[in-house]
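What follows is a single structure, written as structure tokens, with notes after it.
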Amino acid sequence: MENLDFLGNHFLGADFSISSMLLISLVVGTLFTFRRKIFFFLYKETDIDLFLKTLDEKLKTTYPKLTFDFRYLEKIKDEPNPDAKKYALIDNIINQYEAISYTPIHSKKLISANMLWSSYAFNSKNTNNKLPEDWLLRKNAIFERDEKTCQKCSKKMALKDSDILFIKPLEKGGDFYVENMLLVCNDCAKIEKYKLDKTQSLKFLDIREDLYSLGKDH
Ligand SMILES: [Zn+2]
């Protein structure tokens with residue numbers, strides 16, 4: 001009997017070891033497979049840090065002359081959902097961008113008279129706020145003079161993404177002389193139009209699309 005008991009215990013021991021091993025492998029395997037979900041608090045923090053770094057770099061390269069304030073993070077530090085945190089910060093950055101105060105002033109860089117065309121002076125007068133026939137020539141001249149850079153937010157852009165801001169708005173009697181025109185990006189044009197007319201929409205800003213897609217990628 002003693003022998004059998006010994007045998008029995010021995011086998012029980014072996015079974016127990018095997019099942020323990022299996023159980024441990026299962027637990028370790030599960031932990032490993034779902035490590036991002038189970039230890040989300042560790043991983044998500046790293047993600048947030050990476051996101052902040054990418055966001056900061058993106059803002060500095062796109063808007064080299066602007067400074068954005070990240071102090072809002074302090075206010076949302078207790079937000080447990082990392083995605084909610086990211087988008088709350090993005091919205092705050094966009095609010096800062098919309099709130100930049102700007103007083104358009106004449107560009108110091110002049111376009112020399114021989115760069116201008118024969119109909120220039122004639123078409124520079126503002127009649128009925130309609131764009132003059134030589135508008136594209138005018139816009140091109142401003143695009144080059146202002147070095148393809150938004151004069152408000154410092155973003156570099158392609159001609160198709162640019163717009164013109166009138167120092168003295170057309171509605172207030174401003175004209176189409178190049179001295180009254182400044183190159184701005186689409187976003188700044190929309191924001192400045194909104195300041196003059198609050199019925200304009202600020203929903204579709206490029207900065208919103210850019211930063212939201214950054215949020216999705218990180
Ligand atoms: Zn701009």
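Order determines the names: the first chain of the structure tokens is A, the second B, and so forth; residues in each chain are numbered 1 upward, and ligands are numbered 1 upward as they are shown.
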
*If you run DSSP over the backbone, which residues in stretch 151-193 of chain A end up helix (DSSP H, G or I)? Put them as a VMD selection string.*
chain A and resid 159 to 161 170 to 172 178 to 180 186 to 193

For the residues selected in the previous step, produce a file with N, CA, C and O atoms as a PDB file, in the first residue's frame.
```pdb
ATOM      1  N   LEU A 159       0.011  77.669 -53.945  1.00  0.00           N
ATOM      2  CA  LEU A 159      -0.877  78.747 -54.410  1.00  0.00           C
ATOM      3  C   LEU A 159      -2.357  78.390 -54.222  1.00  0.00           C
ATOM      4  O   LEU A 159      -3.156  79.212 -53.791  1.00  0.00           O
ATOM      5  N   LYS A 160      -2.678  77.123 -54.513  1.00  0.00           N
ATOM      6  CA  LYS A 160      -4.090  76.712 -54.422  1.00  0.00           C
ATOM      7  C   LYS A 160      -4.619  76.729 -52.978  1.00  0.00           C
ATOM      8  O   LYS A 160      -5.821  76.768 -52.754  1.00  0.00           O
ATOM      9  N   ASP A 161      -3.728  76.669 -52.005  1.00  0.00           N
ATOM     10  CA  ASP A 161      -4.161  76.686 -50.596  1.00  0.00           C
ATOM     11  C   ASP A 161      -4.069  78.087 -49.992  1.00  0.00           C
ATOM     12  O   ASP A 161      -4.163  78.248 -48.780  1.00  0.00           O
ATOM     13  N   LEU A 170     -12.702  95.054 -48.417  1.00  0.00           N
ATOM     14  CA  LEU A 170     -13.423  95.568 -49.593  1.00  0.00           C
ATOM     15  C   LEU A 170     -14.745  96.203 -49.174  1.00  0.00           C
ATOM     16  O   LEU A 170     -15.141  97.243 -49.685  1.00  0.00           O
ATOM     17  N   GLU A 171     -15.392  95.560 -48.195  1.00  0.00           N
ATOM     18  CA  GLU A 171     -16.698  96.049 -47.723  1.00  0.00           C
ATOM     19  C   GLU A 171     -16.588  97.436 -47.110  1.00  0.00           C
ATOM     20  O   GLU A 171     -17.560  98.161 -46.999  1.00  0.00           O
ATOM     21  N   LYS A 172     -15.378  97.766 -46.670  1.00  0.00           N
ATOM     22  CA  LYS A 172     -15.202  99.082 -46.052  1.00  0.00           C
ATOM     23  C   LYS A 172     -14.502 100.039 -47.011  1.00  0.00           C
ATOM     24  O   LYS A 172     -13.863 101.006 -46.589  1.00  0.00           O
ATOM     25  N   VAL A 178      -1.915  96.281 -54.730  1.00  0.00           N
ATOM     26  CA  VAL A 178      -1.158  95.235 -54.021  1.00  0.00           C
ATOM     27  C   VAL A 178      -0.781  95.662 -52.600  1.00  0.00           C
ATOM     28  O   VAL A 178      -0.585  94.815 -51.725  1.00  0.00           O
ATOM     29  N   GLU A 179      -0.704  96.958 -52.377  1.00  0.00           N
ATOM     30  CA  GLU A 179      -0.382  97.441 -51.020  1.00  0.00           C
ATOM     31  C   GLU A 179      -1.501  97.111 -50.028  1.00  0.00           C
ATOM     32  O   GLU A 179      -1.279  97.111 -48.822  1.00  0.00           O
ATOM     33  N   ASN A 180      -2.693  96.875 -50.567  1.00  0.00           N
ATOM     34  CA  ASN A 180      -3.825  96.554 -49.682  1.00  0.00           C
ATOM     35  C   ASN A 180      -4.017  95.045 -49.537  1.00  0.00           C
ATOM     36  O   ASN A 180      -4.965  94.602 -48.903  1.00  0.00           O
ATOM     37  N   ASN A 186      -5.719  79.471 -46.169  1.00  0.00           N
ATOM     38  CA  ASN A 186      -7.182  79.320 -46.168  1.00  0.00           C
ATOM     39  C   ASN A 186      -7.782  79.497 -44.775  1.00  0.00           C
ATOM     40  O   ASN A 186      -8.824  80.117 -44.608  1.00  0.00           O
ATOM     41  N   ASP A 187      -7.111  78.893 -43.783  1.00  0.00           N
ATOM     42  CA  ASP A 187      -7.639  78.965 -42.417  1.00  0.00           C
ATOM     43  C   ASP A 187      -7.686  80.395 -41.910  1.00  0.00           C
ATOM     44  O   ASP A 187      -8.697  80.843 -41.373  1.00  0.00           O
ATOM     45  N   CYS A 188      -6.577  81.106 -42.080  1.00  0.00           N
ATOM     46  CA  CYS A 188      -6.536  82.487 -41.575  1.00  0.00           C
ATOM     47  C   CYS A 188      -7.547  83.352 -42.321  1.00  0.00           C
ATOM     48  O   CYS A 188      -8.168  84.233 -41.727  1.00  0.00           O
ATOM     49  N   ALA A 189      -7.724  83.086 -43.620  1.00  0.00           N
ATOM     50  CA  ALA A 189      -8.721  83.846 -44.387  1.00  0.00           C
ATOM     51  C   ALA A 189     -10.104  83.616 -43.781  1.00  0.00           C
ATOM     52  O   ALA A 189     -10.864  84.561 -43.560  1.00  0.00           O
ATOM     53  N   LYS A 190     -10.414  82.350 -43.481  1.00  0.00           N
ATOM     54  CA  LYS A 190     -11.730  82.029 -42.901  1.00  0.00           C
ATOM     55  C   LYS A 190     -11.908  82.705 -41.544  1.00  0.00           C
ATOM     56  O   LYS A 190     -12.963  83.251 -41.241  1.00  0.00           O
ATOM     57  N   ILE A 191     -10.862  82.640 -40.722  1.00  0.00           N
ATOM     58  CA  ILE A 191     -10.959  83.200 -39.372  1.00  0.00           C
ATOM     59  C   ILE A 191     -11.139  84.722 -39.441  1.00  0.00           C
ATOM     60  O   ILE A 191     -11.960  85.292 -38.728  1.00  0.00           O
ATOM     61  N   GLU A 192     -10.389  85.382 -40.335  1.00  0.00           N
ATOM     62  CA  GLU A 192     -10.519  86.839 -40.452  1.00  0.00           C
ATOM     63  C   GLU A 192     -11.889  87.218 -41.013  1.00  0.00           C
ATOM     64  O   GLU A 192     -12.455  88.227 -40.609  1.00  0.00           O
ATOM     65  N   LYS A 193     -12.409  86.385 -41.920  1.00  0.00           N
ATOM     66  CA  LYS A 193     -13.767  86.657 -42.446  1.00  0.00           C
ATOM     67  C   LYS A 193     -14.787  86.499 -41.326  1.00  0.00           C
ATOM     68  O   LYS A 193     -15.739  87.261 -41.224  1.00  0.00           O
TER      69      LYS A 193
END
```

Point to revise | Test item: residues no farther than 6 Å from ligand 1, counting only C-alpha atoms and all ligand atoms, as a list in words | key: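 Going residue by residue within 6 Å of ligand 1, we get Cys150, Lys152, Cys153, Lys155, Val184, Cys185, Asp187 and Cys188 of chain A.
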
Excluding stretch 115-125 of chain A and residues on its chain fewer than 5 positions from it, collect all residues at most 9 Å away from it, counting only C-alpha atoms, and give them as number ranges by chain.
-> A: 132-135, 137-138, 141, 174-178

Could you dump the residues just selected with C-alpha atoms as a CSV table (one decimal), in the first residue's frame?
```
chain,number,residue,atom,x,y,z
A,132,PRO,CA,-10.9,92.4,-61.2
A,133,GLU,CA,-10.2,90.5,-64.4
A,134,ASP,CA,-6.5,90.4,-63.6
A,135,TRP,CA,-7.1,88.9,-60.2
A,137,LEU,CA,-1.9,88.0,-61.9
A,138,ARG,CA,-2.5,90.0,-58.7
A,141,ALA,CA,2.4,88.7,-57.5
A,174,GLY,CA,-10.6,98.8,-49.6
A,175,ASP,CA,-9.2,98.4,-53.1
A,176,PHE,CA,-7.2,95.9,-55.1
A,177,TYR,CA,-3.9,97.7,-55.0
A,178,VAL,CA,-1.2,95.2,-54.0
```

(request) as a PyMOL selection string, please: all residues of stretch 18-202 of chain A that backbone DSSP puts in strand (DSSP E). (result) chain A and resi 162-166+181-185

Which residue, A:Ile76, A:Ile100, A:Ile93, A:Ser17, has the smallest gap to A:Asp56 when you use only C-alpha atoms?
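Result for the nearest residue to A:Asp56: A:Ile93.
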
To one decimal place in Å, what is the distance between atom CA of A:Ile94 and atom CA of A:His106?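 Between atom CA of A:Ile94 and atom CA of A:His106 the gap works out to 26.7 Å.
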
Shortest contact to A:Met157, candidates A:Ile105, A:Leu183, A:Leu196, A:Ile18, atoms counted only C-alpha atoms, goes to A:Leu183

Determine, for each residue of stretch 74-178 of chain A having at least one atom at most 9 Å from an atom of stretch 209-214 of chain A, the closest pair of atoms and their separation in Å to one decimal, counting only C-alpha atoms; order by chain and ascending number, as CSV.
```
residue,atom,partner,partner_atom,distance
A:Tyr87,CA,A:Tyr212,CA,7.4
A:Ile90,CA,A:Leu211,CA,6.5
A:Asp91,CA,A:Leu211,CA,9.0
A:Ile94,CA,A:Leu211,CA,8.7
```

Hey, what's within 10 Å of A:Thr54 if we count only C-alpha atoms and toss same-chain stuff fewer than 6 positions away? As a PDB file with all heavy atoms, in the first residue's frame, please?
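The new file around_29.pdb reads:
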```
ATOM      1  N   ILE A  48       0.401  58.768 -25.142  1.00  0.00           N
ATOM      2  CA  ILE A  48       0.125  60.194 -24.956  1.00  0.00           C
ATOM      3  C   ILE A  48       1.415  60.990 -25.071  1.00  0.00           C
ATOM      4  O   ILE A  48       1.462  62.008 -25.757  1.00  0.00           O
ATOM      5  CB  ILE A  48      -0.569  60.451 -23.584  1.00  0.00           C
ATOM      6  CG1 ILE A  48      -2.074  60.249 -23.703  1.00  0.00           C
ATOM      7  CG2 ILE A  48      -0.291  61.835 -23.066  1.00  0.00           C
ATOM      8  CD1 ILE A  48      -2.842  61.413 -24.315  1.00  0.00           C
ATOM      9  N   LYS A  60       5.276  73.186 -34.555  1.00  0.00           N
ATOM     10  CA  LYS A  60       6.483  74.007 -34.747  1.00  0.00           C
ATOM     11  C   LYS A  60       6.909  74.068 -36.211  1.00  0.00           C
ATOM     12  O   LYS A  60       7.395  75.090 -36.672  1.00  0.00           O
ATOM     13  CB  LYS A  60       7.632  73.477 -33.886  1.00  0.00           C
ATOM     14  CG  LYS A  60       7.508  73.958 -32.453  1.00  0.00           C
ATOM     15  CD  LYS A  60       8.648  73.465 -31.598  1.00  0.00           C
ATOM     16  CE  LYS A  60       8.466  73.972 -30.177  1.00  0.00           C
ATOM     17  NZ  LYS A  60       8.950  73.011 -29.197  1.00  0.00           N
ATOM     18  N   LEU A 214      -3.814  63.475 -36.866  1.00  0.00           N
ATOM     19  CA  LEU A 214      -2.653  63.200 -36.028  1.00  0.00           C
ATOM     20  C   LEU A 214      -3.080  62.424 -34.773  1.00  0.00           C
ATOM     21  O   LEU A 214      -2.425  61.494 -34.332  1.00  0.00           O
ATOM     22  CB  LEU A 214      -2.012  64.527 -35.622  1.00  0.00           C
ATOM     23  CG  LEU A 214      -0.551  64.540 -35.210  1.00  0.00           C
ATOM     24  CD1 LEU A 214       0.298  64.281 -36.427  1.00  0.00           C
ATOM     25  CD2 LEU A 214      -0.189  65.895 -34.623  1.00  0.00           C
ATOM     26  N   GLY A 215      -4.227  62.812 -34.219  1.00  0.00           N
ATOM     27  CA  GLY A 215      -4.784  62.143 -33.041  1.00  0.00           C
ATOM     28  C   GLY A 215      -5.127  60.692 -33.329  1.00  0.00           C
ATOM     29  O   GLY A 215      -4.924  59.813 -32.504  1.00  0.00           O
ATOM     30  N   HIS A 218      -1.897  58.432 -33.603  1.00  0.00           N
ATOM     31  CA  HIS A 218      -1.071  58.219 -32.412  1.00  0.00           C
ATOM     32  C   HIS A 218      -1.890  57.854 -31.190  1.00  0.00           C
ATOM     33  O   HIS A 218      -2.735  58.565 -30.811  1.00  0.00           O
ATOM     34  CB  HIS A 218      -0.231  59.470 -32.105  1.00  0.00           C
ATOM     35  CG  HIS A 218       0.840  59.657 -33.128  1.00  0.00           C
ATOM     36  ND1 HIS A 218       0.613  60.317 -34.295  1.00  0.00           N
ATOM     37  CD2 HIS A 218       2.103  59.218 -33.155  1.00  0.00           C
ATOM     38  CE1 HIS A 218       1.724  60.297 -35.011  1.00  0.00           C
ATOM     39  NE2 HIS A 218       2.635  59.635 -34.353  1.00  0.00           N
TER      40      HIS A 218
END
```

Q.
What does the structure give for the distance between atom CA of A:Glu98 and atom CA of A:Asp163, in Å to one decimal?
A.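 Atom CA of A:Glu98 sits 16.5 Å away from atom CA of A:Asp163.
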